Amino acid sequence: MKQLVNRIKYYLRVYFFLVKFNVMDILIYRANALVMGLAPVVWLTTMLIFLATIFSQVKTLGGWNFWEIVFLTGVHEVIFLLTWATFLTNLRKFVEEIKTGRFDQILLKPISSRFLVSFRNLDFTSVGSLLNAFFVFCFSLGKIIEKIDFLKIPGFLIFLLVAYFVCYFIYFIFASLSLFFINSKTFIDWVFDATDFDRYPAEIYTPSLRIFLTFFLPILFFAYYPTAYLLGKIGEEYLLIGPFLVIGLGLISHFLWHFGLQHYQSASS
Amino acid sequence: MRKYWAIFKANWQASVEYRSEFIAHIIRGLITFVVLFFIFKAVFLQTNNFAGYTFSSIFTYLVMVRILHFSTRGNTARLIADEIRQGIISFSFLKPINYFKYQFSLFLADRLFEIFLRIFLILLFLFLFPSYFSFPSLPVLLLFFLFLLGALVFNFLFNLLLAGSAFWVTDIRLFSTFVGLTTGFFAGELIPLDTLPPILKKIGFFLPFQYTLFFPIKIYQESLGYKEILRGILVFLLWLGLIIWLVRFLWQKGVKRYEAVGQ
């Protein structure tokens, strides 16, 4: 147990150092970081205009009203930006490093290569847009507050935690494919685009697609299920599926990573 | 002209070589299309008319957006800006070629391959959804293709304009994404411009980006009268003239300022 605690402490120390290093790096190019953060703001604005245009013609979409979907967008954006800031850019970089052979340098470092591949950089450029997404989240929450059962908030927070892990494992699994196929960036891009399914109520999709997006590529856990749970649109049973999914995906990612490392043929050697 | 033809051919071969990346890109576009398809399917369960569009016309619009995406896309600006930033553009300036023509040959070869792939997509949609998706008459189709050519030229010039800003700012990637999202929206990439709220509709109809997507699609759907088409062509030509002048002005100033950093 003591050994485990020491190990966690060690990794937290390393992570703190990496964060410090990234903060210093971003402060050198302050203006760049600021403008970089503007792109998601524009994206979110166009998204809200799109929704407003749709709702100028209809009252609900899949049984959800305008503010409920804006809230769903807010949840989605918060989760997306958190994942982008913490590991998504790192995993994309990892896929590139497999292609160029620079991944070998990571393998030689005296630390878990999976940890380094996933969390070595913290992308602070998304911090500005995270605030923006958080504003959308809070503002829309204010509009639907009367629909929320406060007893469901702990469950909602568990769902958000599940969302982060599911998101990490899915992206990590697809990034790990580069150990087999050299260029798995395409797969990551597909998953990235498929998250669009999670921005809208799943009620608009066909039942078979919903099953696929729940159990096979569980993208709906990123934001749809947490939000639907909080708004009382789905039952408690979905809360139980989450942890099983995290464990299942965690195991798949673990085996795929180790199996992939055994088959890894350095591009540089 | 022969040297630009050679550049075109070389880049065409490169495009064909990386065809899997193009196909992957098209699949990415299809994912967005499927999501939008479900959204509008849900919308049309409640209404028969969405700001003047039927389900069939909105479906055609969305399919055409995916097919014409190539006319708004392009990484010429980033590539040229990188050359400016690293000072590599000096080598091109020293060569006995017109740099803009050289870049246009590269751009055209890159886009043409995508056009072929997307024509395949049209045929696929025609086969799969014959009741939703239809072909217009031949004269309209010709006009549509002519407009597409104009849209490609506009896209190239706009890329040059963006790239030219690299003479002043270090890294244009910062705002090229920002500009890309804005221009895409005002081109009608997400939703037809005529369904937008009044103020945004006005902005969208004033800006030239509508001529790269929204306007050609409206021509394709035969929902514009001759007068509107003629006025559109004239306004678009004016915009093209303005952008050509802006590109020349910006590049003349920029090249004088250029210091070939790192070379």
# chains A, B, ... in the order shown; residues from 1 in each chain; ligands from 1

$ select_by_dssp --residues "segment 61-218 of chain A" --states "helix (DSSP H, G or I)" --output "number ranges by chain"
A: 66-100, 103-107, 113-119, 124-147, 150-176, 178-181, 185-199, 202-204, 207-216

$ residues_around --residues "Gly184 of chain B" --least-positions-apart "3" --cutoff "9 Å" --atoms "only C-alpha atoms" --output "ChimeraX atom specification"
/B:72-73,179-181,187-190,209-210,213

$ write_last_selection --atoms "N, CA, C and O atoms" --output "PDB file, in the first residue's frame"
ATOM      1  N   THR B  72     -14.307  25.347 -50.401  1.00  0.00           N
ATOM      2  CA  THR B  72     -14.022  26.276 -49.310  1.00  0.00           C
ATOM      3  C   THR B  72     -12.768  25.877 -48.545  1.00  0.00           C
ATOM      4  O   THR B  72     -12.280  26.618 -47.713  1.00  0.00           O
ATOM      5  N   ARG B  73     -12.289  24.667 -48.823  1.00  0.00           N
ATOM      6  CA  ARG B  73     -11.155  24.134 -48.072  1.00  0.00           C
ATOM      7  C   ARG B  73      -9.834  24.448 -48.773  1.00  0.00           C
ATOM      8  O   ARG B  73      -9.821  24.807 -49.935  1.00  0.00           O
ATOM      9  N   VAL B 179     -10.565  32.331 -38.833  1.00  0.00           N
ATOM     10  CA  VAL B 179     -11.132  32.846 -40.085  1.00  0.00           C
ATOM     11  C   VAL B 179     -11.881  31.726 -40.813  1.00  0.00           C
ATOM     12  O   VAL B 179     -12.986  31.934 -41.323  1.00  0.00           O
ATOM     13  N   GLY B 180     -11.307  30.535 -40.816  1.00  0.00           N
ATOM     14  CA  GLY B 180     -11.917  29.389 -41.497  1.00  0.00           C
ATOM     15  C   GLY B 180     -13.312  29.081 -40.964  1.00  0.00           C
ATOM     16  O   GLY B 180     -14.244  28.834 -41.731  1.00  0.00           O
ATOM     17  N   LEU B 181     -13.438  29.114 -39.647  1.00  0.00           N
ATOM     18  CA  LEU B 181     -14.742  28.829 -39.036  1.00  0.00           C
ATOM     19  C   LEU B 181     -15.760  29.901 -39.408  1.00  0.00           C
ATOM     20  O   LEU B 181     -16.911  29.596 -39.738  1.00  0.00           O
ATOM     21  N   ALA B 187     -20.496  30.959 -45.421  1.00  0.00           N
ATOM     22  CA  ALA B 187     -20.629  30.351 -46.745  1.00  0.00           C
ATOM     23  C   ALA B 187     -21.889  29.474 -46.763  1.00  0.00           C
ATOM     24  O   ALA B 187     -22.343  29.058 -47.827  1.00  0.00           O
ATOM     25  N   GLY B 188     -22.429  29.189 -45.571  1.00  0.00           N
ATOM     26  CA  GLY B 188     -23.631  28.366 -45.472  1.00  0.00           C
ATOM     27  C   GLY B 188     -23.299  26.907 -45.226  1.00  0.00           C
ATOM     28  O   GLY B 188     -24.066  26.020 -45.570  1.00  0.00           O
ATOM     29  N   GLU B 189     -22.137  26.666 -44.600  1.00  0.00           N
ATOM     30  CA  GLU B 189     -21.675  25.294 -44.400  1.00  0.00           C
ATOM     31  C   GLU B 189     -22.545  24.531 -43.391  1.00  0.00           C
ATOM     32  O   GLU B 189     -22.800  23.342 -43.554  1.00  0.00           O
ATOM     33  N   LEU B 190     -22.978  25.215 -42.360  1.00  0.00           N
ATOM     34  CA  LEU B 190     -23.722  24.552 -41.296  1.00  0.00           C
ATOM     35  C   LEU B 190     -25.225  24.550 -41.578  1.00  0.00           C
ATOM     36  O   LEU B 190     -25.918  23.563 -41.325  1.00  0.00           O
ATOM     37  N   PHE B 209     -18.474  35.147 -49.115  1.00  0.00           N
ATOM     38  CA  PHE B 209     -18.295  33.712 -48.876  1.00  0.00           C
ATOM     39  C   PHE B 209     -19.489  32.877 -49.332  1.00  0.00           C
ATOM     40  O   PHE B 209     -19.357  31.694 -49.598  1.00  0.00           O
ATOM     41  N   GLN B 210     -20.668  33.528 -49.405  1.00  0.00           N
ATOM     42  CA  GLN B 210     -21.857  32.811 -49.874  1.00  0.00           C
ATOM     43  C   GLN B 210     -21.652  32.244 -51.285  1.00  0.00           C
ATOM     44  O   GLN B 210     -22.255  31.244 -51.649  1.00  0.00           O
ATOM     45  N   LEU B 213     -20.398  28.474 -51.528  1.00  0.00           N
ATOM     46  CA  LEU B 213     -21.253  27.327 -51.202  1.00  0.00           C
ATOM     47  C   LEU B 213     -22.743  27.611 -51.427  1.00  0.00           C
ATOM     48  O   LEU B 213     -23.370  26.999 -52.281  1.00  0.00           O
TER      49      LEU B 213
END

$ interface_residues --of "chain B" --to "chain A" --cutoff "6 Å" --atoms "only C-alpha atoms" --output "JSON list (two decimals) with N, CA, C and O atoms, in the first residue's frame"
[["chain", "number", "residue", "atom", "x", "y", "z"],
["B", 28, "ARG", "N", -14.96, 11.61, -42.86],
["B", 28, "ARG", "CA", -15.15, 12.57, -41.75],
["B", 28, "ARG", "C", -16.33, 13.49, -42.06],
["B", 28, "ARG", "O", -17.16, 13.76, -41.21],
["B", 42, "ALA", "N", -35.65, 14.88, -37.42],
["B", 42, "ALA", "CA", -36.43, 15.16, -36.21],
["B", 42, "ALA", "C", -37.21, 16.47, -36.37],
["B", 42, "ALA", "O", -38.34, 16.57, -35.91],
["B", 174, "LEU", "N", -2.72, 30.84, -36.04],
["B", 174, "LEU", "CA", -3.51, 31.37, -34.94],
["B", 174, "LEU", "C", -4.88, 31.85, -35.40],
["B", 174, "LEU", "O", -5.88, 31.52, -34.81],
["B", 178, "PHE", "N", -9.60, 30.44, -36.96],
["B", 178, "PHE", "CA", -10.64, 31.40, -36.58],
["B", 178, "PHE", "C", -11.36, 31.93, -37.82],
["B", 178, "PHE", "O", -12.60, 31.92, -37.90],
["B", 196, "LEU", "N", -31.11, 31.86, -41.54],
["B", 196, "LEU", "CA", -30.50, 32.51, -40.37],
["B", 196, "LEU", "C", -31.35, 33.67, -39.86],
["B", 196, "LEU", "O", -32.18, 34.22, -40.60]]

$ residues_around --residues "Val70 of chain A" --least-positions-apart "2" --cutoff "10 Å" --atoms "only C-alpha atoms" --output "JSON list (two decimals) with C-alpha atoms, in the first residue's frame"
[["chain", "number", "residue", "atom", "x", "y", "z"],
["A", 47, "MET", "CA", -23.24, 26.25, -32.80],
["A", 48, "LEU", "CA", -25.60, 28.34, -30.67],
["A", 51, "LEU", "CA", -29.53, 25.79, -32.53],
["A", 52, "ALA", "CA", -31.37, 29.11, -32.33],
["A", 64, "TRP", "CA", -35.62, 18.41, -25.61],
["A", 65, "ASN", "CA", -36.22, 22.14, -25.57],
["A", 66, "PHE", "CA", -33.75, 24.84, -26.61],
["A", 67, "TRP", "CA", -32.17, 25.48, -23.19],
["A", 68, "GLU", "CA", -31.86, 21.78, -22.44],
["A", 72, "LEU", "CA", -26.10, 19.61, -23.26],
["A", 73, "THR", "CA", -23.77, 21.63, -25.50],
["A", 74, "GLY", "CA", -22.26, 23.27, -22.41],
["A", 75, "VAL", "CA", -21.62, 19.90, -20.76],
["A", 76, "HIS", "CA", -20.18, 18.52, -23.98],
["A", 136, "VAL", "CA", -22.76, 28.55, -21.49],
["A", 137, "PHE", "CA", -23.05, 25.67, -19.02],
["A", 139, "PHE", "CA", -26.23, 30.28, -18.07],
["A", 140, "SER", "CA", -28.30, 27.44, -19.55],
["A", 141, "LEU", "CA", -28.36, 25.74, -16.15],
["A", 143, "LYS", "CA", -32.73, 28.51, -17.46],
["A", 199, "ARG", "CA", -24.00, 17.13, -29.02],
["A", 200, "TYR", "CA", -27.69, 16.42, -29.66]]

$ closest_residue --among "B:Ile233, B:Gly52, B:Tyr61, B:Leu200" --to "Thr182 of chain B" --atoms "only C-alpha atoms"
B:Leu200

$ residues_around --residues "segment 13-24 of chain A" --least-positions-apart "5" --cutoff "9 Å" --atoms "only C-alpha atoms" --output "ChimeraX atom specification"
/A:8,119-124

$ write_last_selection --atoms "N, CA and C atoms" --output "tab-separated table (two decimals), in the first residue's frame"
chain	number	residue	atom	x	y	z
A	8	ILE	N	2.09	6.98	-6.52
A	8	ILE	CA	1.14	8.04	-6.90
A	8	ILE	C	1.77	9.41	-6.64
A	119	PHE	N	-0.07	12.32	-20.86
A	119	PHE	CA	-0.23	13.54	-20.05
A	119	PHE	C	0.98	14.47	-20.02
A	120	ARG	N	1.91	14.31	-20.94
A	120	ARG	CA	3.14	15.10	-20.81
A	120	ARG	C	2.94	16.60	-20.98
A	121	ASN	N	1.94	17.01	-21.79
A	121	ASN	CA	1.71	18.45	-21.99
A	121	ASN	C	0.30	18.81	-21.57
A	122	LEU	N	0.19	19.97	-20.98
A	122	LEU	CA	-1.14	20.49	-20.64
A	122	LEU	C	-1.38	21.65	-21.60
A	123	ASP	N	-2.41	21.51	-22.43
A	123	ASP	CA	-2.65	22.52	-23.45
A	123	ASP	C	-3.46	23.68	-22.86
A	124	PHE	N	-2.73	24.71	-22.46
A	124	PHE	CA	-3.39	25.85	-21.81
A	124	PHE	C	-4.14	26.75	-22.79

$ atom_distance --atom1 "atom CA of Leu242 of chain B" --atom2 "atom CA of Leu207 of chain B"
12.2 Å

$ atom_distance --atom1 "atom CA of Leu107 of chain A" --atom2 "atom CA of Arg92 of chain A"
17.0 Å

$ atom_distance --atom1 "atom CA of Pro216 of chain B" --atom2 "atom CA of Phe144 of chain B"
5.7 Å
